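Visitor: my_file-v1.pdb (PDB, N, CA and C atoms and all ligand atoms) pasted underneath:
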```
MODEL        1
ATOM      1  N   MET A   1      -6.463   6.954   2.486  1.00  0.00           N
ATOM      2  CA  MET A   1      -6.100   7.442   1.147  1.00  0.00           C
ATOM      3  C   MET A   1      -5.394   6.339   0.363  1.00  0.00           C
ATOM      4  N   GLU A   2      -5.821   6.163  -0.857  1.00  0.00           N
ATOM      5  CA  GLU A   2      -5.216   5.123  -1.679  1.00  0.00           C
ATOM      6  C   GLU A   2      -3.809   5.489  -2.128  1.00  0.00           C
ATOM      7  N   THR A   3      -3.033   4.472  -2.370  1.00  0.00           N
ATOM      8  CA  THR A   3      -1.687   4.704  -2.868  1.00  0.00           C
ATOM      9  C   THR A   3      -1.748   5.337  -4.253  1.00  0.00           C
ATOM     10  N   PRO A   4      -1.069   6.455  -4.434  1.00  0.00           N
ATOM     11  CA  PRO A   4      -1.064   7.080  -5.761  1.00  0.00           C
ATOM     12  C   PRO A   4      -0.312   6.223  -6.780  1.00  0.00           C
ATOM     13  N   ASP A   5      -0.668   6.393  -8.041  1.00  0.00           N
ATOM     14  CA  ASP A   5       0.026   5.659  -9.106  1.00  0.00           C
ATOM     15  C   ASP A   5       1.489   6.091  -9.189  1.00  0.00           C
ATOM     16  N   TYR A   6       1.683   7.364  -8.928  1.00  0.00           N
ATOM     17  CA  TYR A   6       3.051   7.889  -8.932  1.00  0.00           C
ATOM     18  C   TYR A   6       3.087   9.172  -8.127  1.00  0.00           C
ATOM     19  N   ILE A   7       4.297   9.612  -7.828  1.00  0.00           N
ATOM     20  CA  ILE A   7       4.478  10.864  -7.118  1.00  0.00           C
ATOM     21  C   ILE A   7       5.285  11.810  -8.002  1.00  0.00           C
ATOM     22  N   ILE A   8       5.357  13.070  -7.604  1.00  0.00           N
ATOM     23  CA  ILE A   8       6.077  14.060  -8.392  1.00  0.00           C
ATOM     24  C   ILE A   8       7.305  14.532  -7.620  1.00  0.00           C
ATOM     25  N   CYS A   9       8.436  14.504  -8.276  1.00  0.00           N
ATOM     26  CA  CYS A   9       9.656  15.046  -7.689  1.00  0.00           C
ATOM     27  C   CYS A   9       9.603  16.563  -7.778  1.00  0.00           C
ATOM     28  N   LEU A  10       9.699  17.240  -6.622  1.00  0.00           N
ATOM     29  CA  LEU A  10       9.618  18.701  -6.615  1.00  0.00           C
ATOM     30  C   LEU A  10      10.904  19.348  -7.119  1.00  0.00           C
ATOM     31  N   GLU A  11      11.966  18.582  -7.176  1.00  0.00           N
ATOM     32  CA  GLU A  11      13.234  19.104  -7.644  1.00  0.00           C
ATOM     33  C   GLU A  11      13.240  19.273  -9.162  1.00  0.00           C
ATOM     34  N   CYS A  12      12.650  18.328  -9.872  1.00  0.00           N
ATOM     35  CA  CYS A  12      12.699  18.372 -11.331  1.00  0.00           C
ATOM     36  C   CYS A  12      11.326  18.154 -11.964  1.00  0.00           C
ATOM     37  N   GLU A  13      10.292  18.016 -11.121  1.00  0.00           N
ATOM     38  CA  GLU A  13       8.908  17.890 -11.585  1.00  0.00           C
ATOM     39  C   GLU A  13       8.695  16.679 -12.494  1.00  0.00           C
ATOM     40  N   THR A  14       9.422  15.604 -12.184  1.00  0.00           N
ATOM     41  CA  THR A  14       9.297  14.369 -12.948  1.00  0.00           C
ATOM     42  C   THR A  14       8.444  13.359 -12.171  1.00  0.00           C
ATOM     43  N   PRO A  15       7.551  12.654 -12.857  1.00  0.00           N
ATOM     44  CA  PRO A  15       6.818  11.579 -12.187  1.00  0.00           C
ATOM     45  C   PRO A  15       7.769  10.484 -11.721  1.00  0.00           C
ATOM     46  N   VAL A  16       7.574  10.016 -10.490  1.00  0.00           N
ATOM     47  CA  VAL A  16       8.431   8.988  -9.914  1.00  0.00           C
ATOM     48  C   VAL A  16       7.562   7.806  -9.500  1.00  0.00           C
ATOM     49  N   TYR A  17       7.951   6.637  -9.963  1.00  0.00           N
ATOM     50  CA  TYR A  17       7.155   5.434  -9.699  1.00  0.00           C
ATOM     51  C   TYR A  17       7.761   4.562  -8.605  1.00  0.00           C
ATOM     52  N   THR A  18       8.975   4.885  -8.199  1.00  0.00           N
ATOM     53  CA  THR A  18       9.640   4.121  -7.157  1.00  0.00           C
ATOM     54  C   THR A  18       9.557   4.876  -5.847  1.00  0.00           C
ATOM     55  N   PHE A  19       8.602   4.467  -5.003  1.00  0.00           N
ATOM     56  CA  PHE A  19       8.415   5.166  -3.737  1.00  0.00           C
ATOM     57  C   PHE A  19       7.679   4.273  -2.743  1.00  0.00           C
ATOM     58  N   ASP A  20       7.736   4.676  -1.487  1.00  0.00           N
ATOM     59  CA  ASP A  20       6.991   3.974  -0.440  1.00  0.00           C
ATOM     60  C   ASP A  20       5.898   4.889   0.090  1.00  0.00           C
ATOM     61  N   TRP A  21       4.772   4.294   0.365  1.00  0.00           N
ATOM     62  CA  TRP A  21       3.588   5.033   0.818  1.00  0.00           C
ATOM     63  C   TRP A  21       3.071   4.358   2.079  1.00  0.00           C
ATOM     64  N   ASP A  22       2.900   5.098   3.151  1.00  0.00           N
ATOM     65  CA  ASP A  22       2.484   4.477   4.420  1.00  0.00           C
ATOM     66  C   ASP A  22       0.981   4.538   4.657  1.00  0.00           C
ATOM     67  N   GLY A  23       0.254   4.955   3.636  1.00  0.00           N
ATOM     68  CA  GLY A  23      -1.194   5.020   3.767  1.00  0.00           C
ATOM     69  C   GLY A  23      -1.711   6.442   3.780  1.00  0.00           C
ATOM     70  N   THR A  24      -0.865   7.374   4.184  1.00  0.00           N
ATOM     71  CA  THR A  24      -1.276   8.770   4.211  1.00  0.00           C
ATOM     72  C   THR A  24      -0.264   9.698   3.553  1.00  0.00           C
ATOM     73  N   ARG A  25       0.973   9.227   3.471  1.00  0.00           N
ATOM     74  CA  ARG A  25       1.993  10.128   2.924  1.00  0.00           C
ATOM     75  C   ARG A  25       3.161   9.330   2.350  1.00  0.00           C
ATOM     76  N   ILE A  26       4.017  10.065   1.651  1.00  0.00           N
ATOM     77  CA  ILE A  26       5.220   9.478   1.071  1.00  0.00           C
ATOM     78  C   ILE A  26       6.275   9.330   2.162  1.00  0.00           C
ATOM     79  N   THR A  27       6.795   8.133   2.305  1.00  0.00           N
ATOM     80  CA  THR A  27       7.839   7.918   3.308  1.00  0.00           C
ATOM     81  C   THR A  27       9.218   7.785   2.673  1.00  0.00           C
ATOM     82  N   GLU A  28       9.223   7.409   1.405  1.00  0.00           N
ATOM     83  CA  GLU A  28      10.493   7.235   0.718  1.00  0.00           C
ATOM     84  C   GLU A  28      10.295   7.377  -0.777  1.00  0.00           C
ATOM     85  N   GLY A  29      11.244   7.975  -1.437  1.00  0.00           N
ATOM     86  CA  GLY A  29      11.148   8.102  -2.878  1.00  0.00           C
ATOM     87  C   GLY A  29      12.526   8.260  -3.484  1.00  0.00           C
ATOM     88  N   ILE A  30      12.675   7.776  -4.698  1.00  0.00           N
ATOM     89  CA  ILE A  30      13.945   7.925  -5.397  1.00  0.00           C
ATOM     90  C   ILE A  30      13.670   8.417  -6.803  1.00  0.00           C
ATOM     91  N   CYS A  31      14.175   9.611  -7.106  1.00  0.00           N
ATOM     92  CA  CYS A  31      14.009  10.163  -8.444  1.00  0.00           C
ATOM     93  C   CYS A  31      15.188   9.747  -9.302  1.00  0.00           C
ATOM     94  N   THR A  32      14.876   9.062 -10.402  1.00  0.00           N
ATOM     95  CA  THR A  32      15.949   8.589 -11.279  1.00  0.00           C
ATOM     96  C   THR A  32      16.471   9.698 -12.186  1.00  0.00           C
ATOM     97  N   SER A  33      15.737  10.805 -12.257  1.00  0.00           N
ATOM     98  CA  SER A  33      16.145  11.902 -13.135  1.00  0.00           C
ATOM     99  C   SER A  33      17.186  12.802 -12.480  1.00  0.00           C
ATOM    100  N   CYS A  34      16.943  13.200 -11.212  1.00  0.00           N
ATOM    101  CA  CYS A  34      17.862  14.136 -10.563  1.00  0.00           C
ATOM    102  C   CYS A  34      18.536  13.551  -9.334  1.00  0.00           C
ATOM    103  N   GLY A  35      18.141  12.324  -8.938  1.00  0.00           N
ATOM    104  CA  GLY A  35      18.788  11.679  -7.812  1.00  0.00           C
ATOM    105  C   GLY A  35      18.229  12.066  -6.459  1.00  0.00           C
ATOM    106  N   ASN A  36      17.171  12.853  -6.436  1.00  0.00           N
ATOM    107  CA  ASN A  36      16.532  13.242  -5.186  1.00  0.00           C
ATOM    108  C   ASN A  36      16.043  12.011  -4.412  1.00  0.00           C
ATOM    109  N   GLU A  37      16.404  11.917  -3.144  1.00  0.00           N
ATOM    110  CA  GLU A  37      15.953  10.798  -2.316  1.00  0.00           C
ATOM    111  C   GLU A  37      15.238  11.265  -1.057  1.00  0.00           C
ATOM    112  N   LYS A  38      14.958  12.565  -0.975  1.00  0.00           N
ATOM    113  CA  LYS A  38      14.305  13.092   0.221  1.00  0.00           C
ATOM    114  C   LYS A  38      12.786  13.026   0.075  1.00  0.00           C
ATOM    115  N   ALA A  39      12.152  12.300   0.993  1.00  0.00           N
ATOM    116  CA  ALA A  39      10.703  12.105   0.927  1.00  0.00           C
ATOM    117  C   ALA A  39       9.955  13.434   0.947  1.00  0.00           C
ATOM    118  N   THR A  40      10.509  14.418   1.623  1.00  0.00           N
ATOM    119  CA  THR A  40       9.846  15.718   1.726  1.00  0.00           C
ATOM    120  C   THR A  40       9.887  16.482   0.411  1.00  0.00           C
ATOM    121  N   LEU A  41      10.749  16.049  -0.505  1.00  0.00           N
ATOM    122  CA  LEU A  41      10.857  16.727  -1.788  1.00  0.00           C
ATOM    123  C   LEU A  41      10.074  16.017  -2.889  1.00  0.00           C
ATOM    124  N   PHE A  42       9.092  15.212  -2.437  1.00  0.00           N
ATOM    125  CA  PHE A  42       8.148  14.626  -3.381  1.00  0.00           C
ATOM    126  C   PHE A  42       6.745  15.018  -2.958  1.00  0.00           C
ATOM    127  N   THR A  43       5.843  15.038  -3.894  1.00  0.00           N
ATOM    128  CA  THR A  43       4.447  15.280  -3.571  1.00  0.00           C
ATOM    129  C   THR A  43       3.581  14.362  -4.406  1.00  0.00           C
ATOM    130  N   THR A  44       2.327  14.204  -3.998  1.00  0.00           N
ATOM    131  CA  THR A  44       1.431  13.359  -4.779  1.00  0.00           C
ATOM    132  C   THR A  44       0.940  14.113  -6.003  1.00  0.00           C
ATOM    133  N   GLU A  45       0.463  13.363  -6.970  1.00  0.00           N
ATOM    134  CA  GLU A  45      -0.088  13.978  -8.172  1.00  0.00           C
ATOM    135  C   GLU A  45      -1.234  14.914  -7.790  1.00  0.00           C
ATOM    136  N   GLU A  46      -2.050  14.477  -6.841  1.00  0.00           N
ATOM    137  CA  GLU A  46      -3.204  15.265  -6.422  1.00  0.00           C
ATOM    138  C   GLU A  46      -2.767  16.593  -5.808  1.00  0.00           C
ATOM    139  N   ALA A  47      -1.808  16.523  -4.883  1.00  0.00           N
ATOM    140  CA  ALA A  47      -1.323  17.737  -4.237  1.00  0.00           C
ATOM    141  C   ALA A  47      -0.616  18.636  -5.245  1.00  0.00           C
ATOM    142  N   TYR A  48       0.084  18.008  -6.170  1.00  0.00           N
ATOM    143  CA  TYR A  48       0.777  18.772  -7.193  1.00  0.00           C
ATOM    144  C   TYR A  48      -0.223  19.500  -8.080  1.00  0.00           C
ATOM    145  N   GLY A  49      -1.315  18.815  -8.403  1.00  0.00           N
ATOM    146  CA  GLY A  49      -2.360  19.419  -9.213  1.00  0.00           C
ATOM    147  C   GLY A  49      -2.969  20.631  -8.529  1.00  0.00           C
ATOM    148  N   GLU A  50      -3.123  20.538  -7.198  1.00  0.00           N
ATOM    149  CA  GLU A  50      -3.650  21.662  -6.439  1.00  0.00           C
ATOM    150  C   GLU A  50      -2.677  22.834  -6.462  1.00  0.00           C
ATOM    151  N   MET A  51      -1.405  22.504  -6.394  1.00  0.00           N
ATOM    152  CA  MET A  51      -0.372  23.541  -6.460  1.00  0.00           C
ATOM    153  C   MET A  51      -0.421  24.264  -7.800  1.00  0.00           C
ATOM    154  N   MET A  52      -0.753  23.512  -8.832  1.00  0.00           N
ATOM    155  CA  MET A  52      -0.759  24.058 -10.186  1.00  0.00           C
ATOM    156  C   MET A  52      -2.135  24.608 -10.584  1.00  0.00           C
ATOM    157  N   ALA A  53      -3.097  24.517  -9.668  1.00  0.00           N
ATOM    158  CA  ALA A  53      -4.481  24.865  -9.996  1.00  0.00           C
ATOM    159  C   ALA A  53      -4.628  26.293 -10.499  1.00  0.00           C
ATOM    160  N   SER A  54      -3.784  27.159 -10.013  1.00  0.00           N
ATOM    161  CA  SER A  54      -3.882  28.557 -10.428  1.00  0.00           C
ATOM    162  C   SER A  54      -3.200  28.790 -11.779  1.00  0.00           C
ATOM    163  N   ASP A  55      -2.507  27.760 -12.222  1.00  0.00           N
ATOM    164  CA  ASP A  55      -1.802  27.860 -13.488  1.00  0.00           C
ATOM    165  C   ASP A  55      -2.700  27.385 -14.635  1.00  0.00           C
ATOM    166  N   GLU A  56      -2.514  27.943 -15.816  1.00  0.00           N
ATOM    167  CA  GLU A  56      -3.312  27.518 -16.964  1.00  0.00           C
ATOM    168  C   GLU A  56      -2.952  26.096 -17.377  1.00  0.00           C
ATOM    169  N   HIS A  57      -1.698  25.763 -17.218  1.00  0.00           N
ATOM    170  CA  HIS A  57      -1.218  24.467 -17.656  1.00  0.00           C
ATOM    171  C   HIS A  57      -1.467  23.422 -16.581  1.00  0.00           C
ATOM    172  N   HIS A  58      -2.382  22.509 -16.834  1.00  0.00           N
ATOM    173  CA  HIS A  58      -2.652  21.441 -15.888  1.00  0.00           C
ATOM    174  C   HIS A  58      -1.847  20.204 -16.266  1.00  0.00           C
ATOM    175  N   TYR A  59      -1.091  19.733 -15.314  1.00  0.00           N
ATOM    176  CA  TYR A  59      -0.181  18.642 -15.592  1.00  0.00           C
ATOM    177  C   TYR A  59      -0.730  17.326 -15.057  1.00  0.00           C
ATOM    178  N   GLY A  60      -0.797  16.318 -15.920  1.00  0.00           N
ATOM    179  CA  GLY A  60      -1.116  14.976 -15.489  1.00  0.00           C
ATOM    180  C   GLY A  60      -2.502  14.795 -14.904  1.00  0.00           C
ATOM    181  N   SER A  61      -3.484  15.540 -15.392  1.00  0.00           N
ATOM    182  CA  SER A  61      -4.837  15.400 -14.864  1.00  0.00           C
ATOM    183  C   SER A  61      -5.427  14.057 -15.269  1.00  0.00           C
ATOM    184  N   THR A  62      -6.048  13.397 -14.311  1.00  0.00           N
ATOM    185  CA  THR A  62      -6.676  12.105 -14.596  1.00  0.00           C
ATOM    186  C   THR A  62      -8.187  12.198 -14.520  1.00  0.00           C
ATOM    187  N   GLY A  63      -8.700  13.373 -14.271  1.00  0.00           N
ATOM    188  CA  GLY A  63     -10.144  13.542 -14.173  1.00  0.00           C
ATOM    189  C   GLY A  63     -10.657  13.246 -12.791  1.00  0.00           C
ATOM    190  N   ASP A  64     -10.605  11.987 -12.408  1.00  0.00           N
ATOM    191  CA  ASP A  64     -11.043  11.629 -11.070  1.00  0.00           C
ATOM    192  C   ASP A  64     -10.163  10.515 -10.513  1.00  0.00           C
TER     193      ASP A  64
HETATM  194 ZN    ZN B   1      13.914  14.757  -9.506  1.00  0.00          ZN
ENDMDL
END
```
For the structure just supplied, provide its representation as C-alpha cells.
Ligand SMILES: [Zn+2]

Guide:
Amino acid sequence: METPDYIICLECETPVYTFDWDGTRITEGICTSCGNEKATLFTTEEAYGEMMASDEHHYGSTGD
C-alpha cells in the first residue's frame, strides 16, 4: 500500500501531514490541531472515506 498523502485525526477530524507510515499502517502521527499523538487515533483518508460512505457528506474525495 502506498503512503497516503495525509491521514485523518479521529479526535478532531483534521488532515494531518506529519506522520510515519510503515508500508501498511500508521505508526506515528502528531495532530497540530488537538495535540493527539496516538497512532491508533489516526486513520487514512481511504479508511475515513469508507467510514463516511454511508453519510451524504463525502470528505476529501480524490476520485481514485
Ligand atoms: Zn486532532

Visitor: I'd like to see the residues matched by the PyMOL selection byres (((chain A and resi 17) around 6) and not hetatm) on this file, and ideally I'd get them as a PyMOL selection string.

Guide: chain A and resi 5-7+15-16+18-19

Visitor: Could you name the residues that touch Leu10 of chain A at 6.5 Å or less, counting all atoms listed in the file, but leaving out those on the same chain fewer than 4 positions away, as a list in words?

Guide: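 Residues meeting the cut-off are Thr14, Leu41, Phe42 and Thr43 of chain A.
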
Visitor: Please extract the residues at most 7 Å from ligand ZN 1 (chain B), counting only C-alpha atoms and all ligand atoms, and provide them as a count of residues only, using the chain letters and residue numbers of this document.

Guide: 12

Visitor: Got a sec to tell me which of chain A DSSP assigns to alpha helix (DSSP H), as a compact mmCIF listing (two decimals) with N, CA and C atoms, keeping the file's coordinate frame?

Guide:
```
# COMPACT_ATOMS: atom_id res chain seq x y z
N GLU A 45 0.46 13.36 -6.97
CA GLU A 45 -0.09 13.98 -8.17
C GLU A 45 -1.23 14.91 -7.79
N GLU A 46 -2.05 14.48 -6.84
CA GLU A 46 -3.20 15.26 -6.42
C GLU A 46 -2.77 16.59 -5.81
N ALA A 47 -1.81 16.52 -4.88
CA ALA A 47 -1.32 17.74 -4.24
C ALA A 47 -0.62 18.64 -5.24
N TYR A 48 0.08 18.01 -6.17
CA TYR A 48 0.78 18.77 -7.19
C TYR A 48 -0.22 19.50 -8.08
N GLY A 49 -1.32 18.82 -8.40
CA GLY A 49 -2.36 19.42 -9.21
C GLY A 49 -2.97 20.63 -8.53
N GLU A 50 -3.12 20.54 -7.20
CA GLU A 50 -3.65 21.66 -6.44
C GLU A 50 -2.68 22.83 -6.46
N MET A 51 -1.40 22.50 -6.39
CA MET A 51 -0.37 23.54 -6.46
C MET A 51 -0.42 24.26 -7.80
```

Visitor: Atom N of Asp22 of chain A and atom CA of Ser54 of chain A are how many Å apart?

Guide: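 Straight-line distance from atom N of Asp22 of chain A to atom CA of Ser54 of chain A works out to 27.9 Å.
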
Visitor: Give me every strand (DSSP E) residue in chain A, going by DSSP on the backbone, as a PyMOL selection string.

Guide: chain A and resi 7-9+15-16+19-21+26-29+42-44

Visitor: Around all the atoms of segment 19-22 of chain A listed in the file, draw an axis-aligned box and extend it by 8 Å on each of the six sides; I want its centre and edge lengths in Å to one decimal, as AutoDock Vina command-line options.

Guide:
```
--center_x 4.8 --center_y 4.6 --center_z -0.2 --size_x 23.6 --size_y 17.2 --size_z 25.7
```

Visitor: When you look at Ala39 of chain A with a cut-off of 6 Å (counting all atoms listed in the file), what residues show up, excluding the ones that are within fewer than 2 positions of it in the same chain? I need them as a PDB file with N, CA and C atoms, in the frame of the given file.

Guide:
```pdb
ATOM      1  N   ILE A  26       4.017  10.065   1.651  1.00  0.00           N
ATOM      2  CA  ILE A  26       5.220   9.478   1.071  1.00  0.00           C
ATOM      3  C   ILE A  26       6.275   9.330   2.162  1.00  0.00           C
ATOM      4  N   THR A  27       6.795   8.133   2.305  1.00  0.00           N
ATOM      5  CA  THR A  27       7.839   7.918   3.308  1.00  0.00           C
ATOM      6  C   THR A  27       9.218   7.785   2.673  1.00  0.00           C
ATOM      7  N   GLU A  28       9.223   7.409   1.405  1.00  0.00           N
ATOM      8  CA  GLU A  28      10.493   7.235   0.718  1.00  0.00           C
ATOM      9  C   GLU A  28      10.295   7.377  -0.777  1.00  0.00           C
ATOM     10  N   GLY A  29      11.244   7.975  -1.437  1.00  0.00           N
ATOM     11  CA  GLY A  29      11.148   8.102  -2.878  1.00  0.00           C
ATOM     12  C   GLY A  29      12.526   8.260  -3.484  1.00  0.00           C
ATOM     13  N   GLU A  37      16.404  11.917  -3.144  1.00  0.00           N
ATOM     14  CA  GLU A  37      15.953  10.798  -2.316  1.00  0.00           C
ATOM     15  C   GLU A  37      15.238  11.265  -1.057  1.00  0.00           C
ATOM     16  N   LEU A  41      10.749  16.049  -0.505  1.00  0.00           N
ATOM     17  CA  LEU A  41      10.857  16.727  -1.788  1.00  0.00           C
ATOM     18  C   LEU A  41      10.074  16.017  -2.889  1.00  0.00           C
ATOM     19  N   PHE A  42       9.092  15.212  -2.437  1.00  0.00           N
ATOM     20  CA  PHE A  42       8.148  14.626  -3.381  1.00  0.00           C
ATOM     21  C   PHE A  42       6.745  15.018  -2.958  1.00  0.00           C
TER      22      PHE A  42
END
```

Visitor: Given the file above and the PyMOL selection byres (((chain A and resi 2 and name CA) around 8) and not hetatm and name CA), which residues are selected, and can you give them as a ChimeraX atom specification?

Guide: /A:1,3-4,23-24

Visitor: Can you work out the spacing between atom C of Trp21 of chain A and atom CA of Tyr48 of chain A in Å, to one decimal?

Guide: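 Between atom C of Trp21 of chain A and atom CA of Tyr48 of chain A the gap is 17.3 Å.
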
Visitor: For atom N of Asp20 of chain A and atom CA of Gly49 of chain A, determine how far apart the two atoms are, in Å to one decimal place.

Guide: 19.5 Å
